[in-house]
Every structure is written in structure tokens, then in C-alpha cells.
2 protein chains.
Amino acid sequence: MSEQSFEEKLNAKVAGIEEILKEFLPAEEGYQKTLLEAMNYSVLAGGKRLRPMMMAEVYGMLGGTGKAIRYFCAAQEMIHTYSLVHDDLPAMDNDEYRRGRKTTHAVYGEAMAILAGDGLLNYAYEVAARSFETGEDPAAIGKALQVLTKKAGIYGMVGGQSADVEAEKRELDLDEPKLMFIHENKTAALIQSSLMVGAILAGAGDETVSKLEQCGYDIGIAFQIQDDILDVTGNEAELGKPVGSDEKNHKLTYVTAHGLEDSAAEVERLSKEAVSIIRELDLPDPFLEDLVVSLIHRTK
Amino acid sequence: MSEQSFEEKLNAKVAGIEEILKEFLPAEEGYQKTLLEAMNYSVLAGGKRLRPMMMAEVYGMLGGTGKAIRYFCAAQEMIHTYSLVHDDLPAMDNDEYRRGRKTTHAVYGEAMAILAGDGLLNYAYEVAARSFETGEDPAAIGKALQVLTKKAGIYGMVGGQSADVEAEKRELDLDEPKLMFIHENKTAALIQSSLMVGAILAGAGDETVSKLEQCGYDIGIAFQIQDDILDVTGNEAELGKPVGSDEKNHKLTYVTAHGLEDSAAEVERLSKEAVSIIRELDLPDPFLEDLVVSLIHRTK
């Protein structure tokens with residue numbers, strides 16, 4: 001498969017996810033109009049849509065043909081987006097720009113950005129809960145909800161984020177288990193739930209779901225280390241955000257701890273492990289594998 | 001029934017709810033320990049536990065005998081608590097004290113308070129989603145989740161909160177529909193979902209759920225107006241928070257618009273309407289009715 005045809009597929013899939021998002025995003029009306037505008041501004045700021053894309057891909061590749069998956073794809077991207085909105089706040093990373101656009105608080109103010117994040121997180125679960133109306137297997141939807149909520153929460157993304165905030169503020173010396181805890185929870189957890197929810201809703205068994213949890217771990221850690229690499233080697237205009245912030249902020253990352261070369265090798269190793277799990281699943285289409293491999297070579 | 005025996009019942013029920021909360025609150029361990037401490041500090045700061053109490057009361061009075069209700073009671077109080085944590089933030093109301101104790105950000109810092117709120121909101125739905133493991137009717141649990149999420153979100157509490165923030169910042173002249181939108185969503189919505197979820201999980205029909213939605217509206221509006229009255233007439237030491245802040249902040253409230261007398265009369269009217277709905281349900285115990293009536297006379 002040529003690089004170009006992967007890119008074409010990727011663009012079509014991004015467009016497909018954005019269609020789903022637009023289907024579920026709230027109409028900008030009513031007395032809470034500004035809130036809804038701030039939410040939609042945040043979600044429609046672009047981005048790779050990797051998480052819902054992986055979720056939809058696993059679902060389709062494992063034979064899923066229902067509608068509930070669409071609710072969960074929208075929910076997952078809203079969860080991811082709320083985390084960025086709150087992460088950018090003055091009390092957190094204090095970022096004015098993301099993907100070349102003003103961050104939510106820079107446009108709507110801090111109070112509205114806090115509420116837009118809260119609104120997105122809550123609406124994610126509201127949309128996911130609405131999927132019961134599809135009439136599809138409520139036990140599978142219930143199980144998918146358990147995974148989605150757990151991986152996004154205190155034993156997942158929020159837990160990782162809190163440890164990261166503390167690590168930054170205290171300027172801790174490198175602590176390898178803590179670093180891996182942060183990467184696993186802050187970044188890998190949502191990749192894991194994307195793959196797992198796709199499989200659960202497609203009716204896959206526990207063994208497959210468990211393998212995909214490991215695969216998501218590998219992809220997530222690889223993705224995060226690549227992100228840290230780009231903070232050193234990336235092009236500011238291409239990335240749409242300032243580079244060098246990790247070193248400036250004395251931020252504990254895999255790269256500041258292990259250096260660029262070892263970090264790049266670890267990305268390679270993890271991605272190969274993830275690919276081998278995907279190959280075991282014997283999916284009818286190589287897109288997911290290609291997507292994972294492309295993460296190694298991304299420059300933005 | 002004497003006032004004293006109502007107080008005894010109330011205290012026992014508060015203790016019962018706090019037992020449920022302690023059952024579900026996270027153990028303070030792991031690299032995210034500070035986050036979990038901040039969450040537990042926020043939830044265990046006291047409070048009337050009105051929402052889960054009403055939920056459990058309706059459930060029991062309508063004949064419910066299962067376990068899933070406990071998950072939803074804990075979830076509802078976590079949702080209520082997260083809203084207070086974020087509401088108190090410097091970018092929002094900037095309150096240093098609540099119920100006589102330092103607010104979450106005053107103790108743990110702003111970043112951790114934002115994350116504690118996020119953690120509580122997410123954990124609420126994680127706990128609610130775990131209720132599928134009870135083996136109770138998944139369709140009822142799914143329906144309860146839909147109500148819980150909707151009333152807490154952009155078409156409920158968060159929506160009301162955002163309109164309130166805008167009303168404060170712009171110092172708008174009184175706009176009656178906007179004021180009622182704020183009260184209905186910021187305050188009544190969670191009372192509504194408490195009553196509705198209790199009924200849904202107990203297996204009540206749509207008509208009962210719908211009546212309880214109206215009842216929750218009445219109670220919520222009455223409760224909010226009473227809160228605004230106490231901001232003028234309350235005792236600071238008894239309330240455990242500063243009084244007079246609404247007028248100082250030019251905040252649009254029912255009391256600053258209509259005056260104390262008309263506000264008190266409206267509380268009375270709404271409570272009577274709520275009581276008449278409760279009486280129609282022919283519950284075997286007068287506690288819920290007594291609880292609603294007691295809201296009229298509360299001084300803290």
C-alpha cells in the first residue's frame with residue numbers, strides 16, 4: 001500500500017469522524033449559547049481524531065454494523081477535547097495557542113472555558129447514555145460505558161494528569177515508575193478505551209478486549225514519547241504550538257530523561273509490539289496497522 | 001409528627017447517605033493520591049445530602065429494594081460536589097470558604113481543584129456505570145443514566161451555571177425568563193434528576209417520573225429562592241459562608257429583583273405545589289413531604 005493511498009484513507013476517515021461529531025454537537029442556541037459555542041469551538045479546532053478513528057476502525061474490522069458506536073466515537077472525542085481545554089487553562093499549562101488557534105479560555109475567558117470543559121465531559125456521557133435508545137444490546141453498552149468512564153477518570157486520564165501536574169510543580173528528579181504511570185494514564189488510557197470500546201460494541205470476547213488494552217498501552221506510550229520528541233525537534237509553525245516548553249518548564253518526560261536516540265528506539269519497539277497484536281487479530285484491512293506505523297514518522 | 005422526630009429521621013438519613021458515599025469514595029493511594037484526597041476532602045466537607053437523600057427516599061417509598069440505587073446516590077452527590085468545587089474557583093465565584101471550611105482550591109491549589117472537580121464528575125459516571133454489575137434491569141439503569149447525565153449537563157446544571165456566569169459579568173438588568181432559566185437549570189435540575197432516577201430505578205412508569213420532574217422543579221426553585229433569601233437575612237457563622245455577596249456582586253437573583261416578601265411568598269407557593277404532587281403519589285411515609293416543608297423554614 002502506497003503512502004498516498006494511506007493518506008487518502010486517513011483524510012476520508014477524519015472527514016467521517018467529523019461528520020459524526022457534527023451530528024452530536026449541540027445547536028448554538030438558548031441562554032447557554034455562549035457555552036455551546038465555546039464547546040463547539042473547542043471540538044472543531046481540528047486535531048487528528050485518532051481516538052474515535054481507532055474506535056470506529058476496530059468496531060468495523062471486528063464486524064460491527066450498528067449505530068451505538070457513533071455515540072461512543074463522539075463521546076470519546078469530547079472527552080479528549082475537554083481534557084485539552086482544561087489542560088490549557090492559566091492554572092494548568094497556561095497555553096494561549098493550540099493547533100495554531102487561540103485556546104478556549106483565550107477566546108471565551110477562563111470561567112467559560114472551565115464550564116465548556118465541564119460541559120463537554122458531561123455531554124460526552126450524556127451522548128453515550130443516549131445510545132441505549134438504539135435498541136442495541138444494553139449489556140454491551142453498559143460494559144462499554146464502564147471502560148469509557150474508567151479510562152477517562154481517576155484511574156485513567158485524570159489520575160495521570162494530576163500526577164503530571166504535581167511532577168511539574170515539584171520539579172522532581174526522574175522517577176521511572178511515576179513517569180510511566182503518567183504516560184500510561186494521561187495518554188495511553190484513552191487510546192486503550194478507544195480500542196476496547198470498539199471491540200466490546202462489536203461483540204468481541206474478553207480475550208480480544210484484553211489484547212487491545214495492551215495494544216492501546218503500546219500505542220499510547222509510543223505516541224506520547226513521539227510527542228515529547230516533537231517538543232524538542234518539531235517545527236513550531238507545522239505543530240501550531242510552541243516547542244521547547246517541556247525543557248523550559250523542567251517537565252519530566254521520557255526525552256528529557258533518556259535523550260532523543262533512546263526515545264526514538266523505544267517508540268519503534270512499542271509500535272512493533274502494537275502491530276504484532278493487531279496482526280494477531282487478523283483484521284480484513286491494514287488501515288489500523290498503517291495508522292499505528294504512521295505515528296512513528298509523524299512530524300506534527 | 002413532631003419536629004424532633006423529623007430531625008432524628010433526617011440525621012439518620014444523612015448518616016445513611018454518608019455511609020454510601022464512604023463506600024464509593026476512592027482509597028487515598030497511588031501516584032494520584034493528592035487528587036483523591038482533594039476529591040474526598042470536597043465530598044466529605046459536610047452538606048445537607050439533600051439530593052441523594054431525595055433519590056433514595058423516592059426509591060424506597062415506591063417499593064425499590066435493589067442495590068443500583070446506591071451507585072446513583074453516590075454519583076449524584078459527587079456531581080453536586082464537583083459543581084461546588086468548580087464554582088468556588090478564582091475564575092468563578094472566588095470563594096475561600098464554604099460551610100465554614102476552606103474551599104478545595106484554597107487547600108490544594110487551583111490546578112488540583114480543577115482536576116478534583118473533573119475527577120469527581122467523571123467518577124460519578126464511572127460509579128453509576130458500575131451499577132450494571134448488580135445484574136439489575138439494564139434498561140432501567142440506562143434510562144436512569146440518561147436522566148442523570150442530561151440534568152447535570154448543558155441542558156441542565158452546567159447550562160444554568162453558564163448563563164449565571166454571563167448574567168453576573170454583564171450586570172444585566174432583570175430578565176425574568178433568563179432568571180428562571182438559571183434557577184431551573186443551575187439548581188432545580190439536580191433535584192429533578194434525584195427524584196426521577198429514584199422513581200425510574202424503582203420501576204415507576206413515565207407518568208410518575210414526569211410528575212416528579214415537575215415536583216423537582218418546584219422544590220429546586222423554592223430552594224434557590226430560599227438560598228437567595230438567606231444571602232440577605234442569614235447569619236454568617238450559622239451559614240458558614242459570607243452573606244450579602246449577591247448584592248455586592250450585582251448578582252441577578254429572585255430576591256434582588258422581587259424583594260424579600262414576595263420571594264418568601266413564592267417559596268411558600270412552590271413548596272405547597274410540590275407537596276401536593278408528593279401527596280398524589282400516596283407514599284407510605286411522610287418524610288419526603290416533611291423534608292420539602294422544612295426547606296421553607298431553613299435558616300442555614
# chains A, B, ... in the order shown; residues from 1 in each chain; ligands from 1

$ interface_residues --of "chain B" --to "chain A" --cutoff "8 Å" --atoms "only C-alpha atoms" --output "ChimeraX atom specification"
/B:31-32,34-36,86,91-92,110-112,114-115,118-119,121-123,125-126,129-130,132,138-139,142-143,145-146,149-150,152-154,158-163,165,178,181

$ select_by_dssp --residues "range 55-254 of chain B" --states "strand (DSSP E or B)" --output "list in words"
Tyr97, Arg98, Arg101 and Lys102 of chain B

$ write_last_selection --atoms "N, CA and C atoms" --output "PDB file, in the first residue's frame"
ATOM      1  N   TYR B  97     -14.029  30.119  51.438  1.00  0.00           N
ATOM      2  CA  TYR B  97     -14.689  29.286  52.447  1.00  0.00           C
ATOM      3  C   TYR B  97     -16.043  28.786  51.963  1.00  0.00           C
ATOM      4  N   ARG B  98     -16.390  27.586  52.386  1.00  0.00           N
ATOM      5  CA  ARG B  98     -17.729  27.038  52.157  1.00  0.00           C
ATOM      6  C   ARG B  98     -18.048  26.156  53.355  1.00  0.00           C
ATOM      7  N   ARG B 101     -15.445  25.774  56.077  1.00  0.00           N
ATOM      8  CA  ARG B 101     -14.152  25.150  55.792  1.00  0.00           C
ATOM      9  C   ARG B 101     -13.539  25.790  54.561  1.00  0.00           C
ATOM     10  N   LYS B 102     -12.197  25.731  54.486  1.00  0.00           N
ATOM     11  CA  LYS B 102     -11.506  26.211  53.293  1.00  0.00           C
ATOM     12  C   LYS B 102     -12.030  25.459  52.071  1.00  0.00           C
TER      13      LYS B 102
END

$ select_by_dssp --residues "range 1-233 of chain B" --states "alpha helix (DSSP H)" --output "PyMOL selection string"
chain B and resi 3-24+33-43+50-61+68-87+104-108+110-130+138-152+157-170+176-182+189-201+206-233

$ residues_around --residues "range 208-215 of chain A" --least-positions-apart "3" --cutoff "6 Å" --atoms "only C-alpha atoms" --output "PyMOL selection string"
chain A and resi 192+195-196+205+218+274

$ residues_around --residues "Asp228 in chain B" --least-positions-apart "5" --cutoff "12 Å" --atoms "only C-alpha atoms" --output "mmCIF file with C-alpha atoms, in the first residue's frame"
data_model
loop_
_atom_site.group_PDB
_atom_site.id
_atom_site.type_symbol
_atom_site.label_atom_id
_atom_site.label_comp_id
_atom_site.auth_asym_id
_atom_site.auth_seq_id
_atom_site.Cartn_x
_atom_site.Cartn_y
_atom_site.Cartn_z
ATOM 1 C CA HIS B 183 -32.800 28.740 38.611
ATOM 2 C CA THR B 187 -30.477 24.415 40.942
ATOM 3 C CA ILE B 221 -36.836 26.892 42.570
ATOM 4 C CA ALA B 222 -38.115 27.179 46.155
ATOM 5 C CA PHE B 223 -34.750 26.001 47.473
ATOM 6 C CA THR B 233 -31.112 37.547 56.076
ATOM 7 C CA GLY B 234 -28.814 34.675 57.073
ATOM 8 C CA VAL B 243 -23.573 36.811 53.362
ATOM 9 C CA GLY B 244 -24.527 39.768 51.193
ATOM 10 C CA SER B 245 -22.348 38.552 48.323
ATOM 11 C CA ASP B 246 -25.175 38.593 45.773
ATOM 12 C CA GLU B 247 -25.889 42.290 46.216
ATOM 13 C CA LYS B 251 -25.924 39.255 41.073
ATOM 14 C CA LEU B 252 -29.278 38.740 39.425
ATOM 15 C CA THR B 253 -31.450 36.800 41.916
ATOM 16 C CA TYR B 254 -35.145 36.438 42.631
ATOM 17 C CA VAL B 255 -34.652 38.417 45.858
ATOM 18 C CA THR B 256 -32.731 41.347 44.372
ATOM 19 C CA ALA B 257 -35.486 41.513 41.735
ATOM 20 C CA HIS B 258 -38.666 40.910 43.725
ATOM 21 C CA GLY B 259 -37.733 41.766 47.307
ATOM 22 C CA LEU B 260 -37.844 39.609 50.419
ATOM 23 C CA SER B 263 -39.728 35.904 47.462
ATOM 24 C CA ALA B 264 -40.842 34.279 50.718
ATOM 25 C CA VAL B 267 -41.151 29.805 48.246
ATOM 26 C CA THR B 299 -32.087 29.225 58.245
ATOM 27 C CA LYS B 300 -28.848 27.689 57.026
#

$ residues_around --residues "Glu77 in chain A" --least-positions-apart "5" --cutoff "10 Å" --atoms "only C-alpha atoms" --output "list in words"
Ile17, Glu18, Leu21, Val43, Gly47, Arg49, Leu50, Arg51, Pro52, Met53, Phe72, Tyr82, Ser83, Leu120, Leu121, Ala124, Leu190 and Ser194 of chain A

$ write_last_selection --atoms "N, CA and C atoms" --output "mmCIF file, in the first residue's frame"
data_model
loop_
_atom_site.group_PDB
_atom_site.id
_atom_site.type_symbol
_atom_site.label_atom_id
_atom_site.label_comp_id
_atom_site.auth_asym_id
_atom_site.auth_seq_id
_atom_site.Cartn_x
_atom_site.Cartn_y
_atom_site.Cartn_z
ATOM 1 N N ILE A 17 -15.307 10.991 10.807
ATOM 2 C CA ILE A 17 -15.421 11.270 12.247
ATOM 3 C C ILE A 17 -16.008 12.667 12.463
ATOM 4 N N GLU A 18 -15.573 13.623 11.649
ATOM 5 C CA GLU A 18 -16.085 14.986 11.839
ATOM 6 C C GLU A 18 -17.570 15.079 11.512
ATOM 7 N N LEU A 21 -19.174 13.919 14.655
ATOM 8 C CA LEU A 21 -19.107 14.969 15.677
ATOM 9 C C LEU A 21 -20.179 16.016 15.440
ATOM 10 N N VAL A 43 -14.094 21.659 20.101
ATOM 11 C CA VAL A 43 -14.120 20.359 19.407
ATOM 12 C C VAL A 43 -13.746 20.518 17.934
ATOM 13 N N GLY A 47 -7.435 18.724 14.749
ATOM 14 C CA GLY A 47 -6.896 17.591 15.501
ATOM 15 C C GLY A 47 -6.992 16.335 14.664
ATOM 16 N N ARG A 49 -8.184 13.354 15.402
ATOM 17 C CA ARG A 49 -9.355 12.470 15.589
ATOM 18 C C ARG A 49 -8.936 11.008 15.729
ATOM 19 N N LEU A 50 -7.714 10.796 16.253
ATOM 20 C CA LEU A 50 -7.158 9.447 16.339
ATOM 21 C C LEU A 50 -7.992 8.503 17.186
ATOM 22 N N ARG A 51 -8.492 9.004 18.313
ATOM 23 C CA ARG A 51 -9.174 8.121 19.252
ATOM 24 C C ARG A 51 -10.487 7.584 18.686
ATOM 25 N N PRO A 52 -11.407 8.486 18.258
ATOM 26 C CA PRO A 52 -12.632 7.928 17.657
ATOM 27 C C PRO A 52 -12.353 7.148 16.372
ATOM 28 N N MET A 53 -11.297 7.551 15.648
ATOM 29 C CA MET A 53 -10.966 6.826 14.425
ATOM 30 C C MET A 53 -10.575 5.380 14.745
ATOM 31 N N PHE A 72 -20.503 6.644 20.884
ATOM 32 C CA PHE A 72 -19.273 6.488 21.663
ATOM 33 C C PHE A 72 -18.082 7.192 21.006
ATOM 34 N N TYR A 82 -12.263 18.035 26.107
ATOM 35 C CA TYR A 82 -12.399 18.698 27.411
ATOM 36 C C TYR A 82 -11.056 18.694 28.143
ATOM 37 N N SER A 83 -10.313 17.572 28.016
ATOM 38 C CA SER A 83 -9.031 17.484 28.732
ATOM 39 C C SER A 83 -8.049 18.529 28.203
ATOM 40 N N LEU A 120 -18.430 19.636 28.102
ATOM 41 C CA LEU A 120 -18.006 18.593 27.156
ATOM 42 C C LEU A 120 -17.896 17.231 27.839
ATOM 43 N N LEU A 121 -17.310 17.208 29.030
ATOM 44 C CA LEU A 121 -17.160 15.932 29.744
ATOM 45 C C LEU A 121 -18.533 15.347 30.047
ATOM 46 N N ALA A 124 -20.384 14.261 26.888
ATOM 47 C CA ALA A 124 -19.835 13.008 26.361
ATOM 48 C C ALA A 124 -20.630 11.828 26.917
ATOM 49 N N LEU A 190 -6.857 6.727 27.065
ATOM 50 C CA LEU A 190 -7.933 6.995 26.099
ATOM 51 C C LEU A 190 -7.754 6.202 24.810
ATOM 52 N N SER A 194 -10.497 3.528 23.508
ATOM 53 C CA SER A 194 -10.983 3.599 22.122
ATOM 54 C C SER A 194 -11.000 2.206 21.502
#

$ residues_around --residues "Leu288 in chain A" --least-positions-apart "6" --cutoff "10 Å" --atoms "only C-alpha atoms" --output "PyMOL selection string"
chain A and resi 53-54+57-58+61+275+278-279+294

$ atom_distance --atom1 "CA of Arg70 in chain A" --atom2 "CA of Pro284 in chain A"
20.9 Å

$ residues_around --residues "Gly60 in chain A" --least-positions-apart "5" --cutoff "12 Å" --atoms "only C-alpha atoms" --output "mmCIF file with N, CA and C atoms, in the first residue's frame"
data_model
loop_
_atom_site.group_PDB
_atom_site.id
_atom_site.type_symbol
_atom_site.label_atom_id
_atom_site.label_comp_id
_atom_site.auth_asym_id
_atom_site.auth_seq_id
_atom_site.Cartn_x
_atom_site.Cartn_y
_atom_site.Cartn_z
ATOM 1 N N MET A 53 -11.297 7.551 15.648
ATOM 2 C CA MET A 53 -10.966 6.826 14.425
ATOM 3 C C MET A 53 -10.575 5.380 14.745
ATOM 4 N N MET A 54 -9.731 5.211 15.754
ATOM 5 C CA MET A 54 -9.330 3.860 16.159
ATOM 6 C C MET A 54 -10.540 3.064 16.667
ATOM 7 N N MET A 55 -11.405 3.745 17.413
ATOM 8 C CA MET A 55 -12.600 3.085 17.947
ATOM 9 C C MET A 55 -13.485 2.567 16.810
ATOM 10 N N THR A 65 -21.824 -3.476 12.921
ATOM 11 C CA THR A 65 -22.604 -2.778 11.885
ATOM 12 C C THR A 65 -23.687 -1.877 12.490
ATOM 13 N N GLY A 66 -23.629 -1.629 13.799
ATOM 14 C CA GLY A 66 -24.698 -0.876 14.464
ATOM 15 C C GLY A 66 -24.470 0.629 14.514
ATOM 16 N N LYS A 67 -25.307 1.290 15.292
ATOM 17 C CA LYS A 67 -25.278 2.756 15.400
ATOM 18 C C LYS A 67 -24.674 3.250 16.718
ATOM 19 N N ILE A 69 -22.023 2.753 18.187
ATOM 20 C CA ILE A 69 -20.615 3.128 18.063
ATOM 21 C C ILE A 69 -20.444 4.623 17.763
ATOM 22 N N ARG A 70 -21.363 5.186 16.998
ATOM 23 C CA ARG A 70 -21.273 6.613 16.639
ATOM 24 C C ARG A 70 -21.366 7.489 17.887
ATOM 25 N N LEU A 195 -9.865 1.504 21.605
ATOM 26 C CA LEU A 195 -9.778 0.161 21.020
ATOM 27 C C LEU A 195 -10.730 -0.803 21.727
ATOM 28 N N VAL A 197 -13.532 -0.191 23.579
ATOM 29 C CA VAL A 197 -14.956 0.091 23.350
ATOM 30 C C VAL A 197 -15.370 -0.365 21.955
ATOM 31 N N GLY A 198 -14.512 -0.112 20.965
ATOM 32 C CA GLY A 198 -14.814 -0.585 19.605
ATOM 33 C C GLY A 198 -15.032 -2.085 19.591
ATOM 34 N N ALA A 199 -14.157 -2.811 20.289
ATOM 35 C CA ALA A 199 -14.252 -4.275 20.337
ATOM 36 C C ALA A 199 -15.478 -4.734 21.123
ATOM 37 N N ILE A 200 -15.728 -4.110 22.274
ATOM 38 C CA ILE A 200 -16.870 -4.505 23.113
ATOM 39 C C ILE A 200 -18.186 -4.325 22.361
ATOM 40 N N LEU A 201 -18.336 -3.166 21.705
ATOM 41 C CA LEU A 201 -19.588 -2.905 20.992
ATOM 42 C C LEU A 201 -19.745 -3.819 19.776
ATOM 43 N N ALA A 202 -18.614 -4.301 19.226
ATOM 44 C CA ALA A 202 -18.678 -5.241 18.093
ATOM 45 C C ALA A 202 -18.950 -6.662 18.580
ATOM 46 N N GLY A 203 -19.011 -6.837 19.910
ATOM 47 C CA GLY A 203 -19.329 -8.151 20.451
ATOM 48 C C GLY A 203 -18.121 -9.060 20.651
ATOM 49 N N ALA A 204 -16.914 -8.489 20.660
ATOM 50 C CA ALA A 204 -15.701 -9.289 20.854
ATOM 51 C C ALA A 204 -15.638 -9.846 22.277
ATOM 52 N N LEU A 283 -7.277 -8.756 11.059
ATOM 53 C CA LEU A 283 -8.288 -7.836 10.548
ATOM 54 C C LEU A 283 -8.276 -7.836 9.017
ATOM 55 N N PRO A 284 -9.446 -7.598 8.390
ATOM 56 C CA PRO A 284 -9.520 -7.655 6.928
ATOM 57 C C PRO A 284 -8.919 -6.447 6.209
ATOM 58 N N ASP A 285 -8.444 -5.449 6.942
ATOM 59 C CA ASP A 285 -7.938 -4.230 6.299
ATOM 60 C C ASP A 285 -6.700 -3.762 7.059
ATOM 61 N N PHE A 287 -5.536 -0.790 7.516
ATOM 62 C CA PHE A 287 -5.517 0.627 7.891
ATOM 63 C C PHE A 287 -5.049 0.880 9.320
ATOM 64 N N LEU A 288 -5.564 0.096 10.269
ATOM 65 C CA LEU A 288 -5.204 0.323 11.671
ATOM 66 C C LEU A 288 -3.697 0.140 11.870
#

$ atom_distance --atom1 "CA of Ala68 in chain A" --atom2 "CA of Ser5 in chain A"
28.8 Å
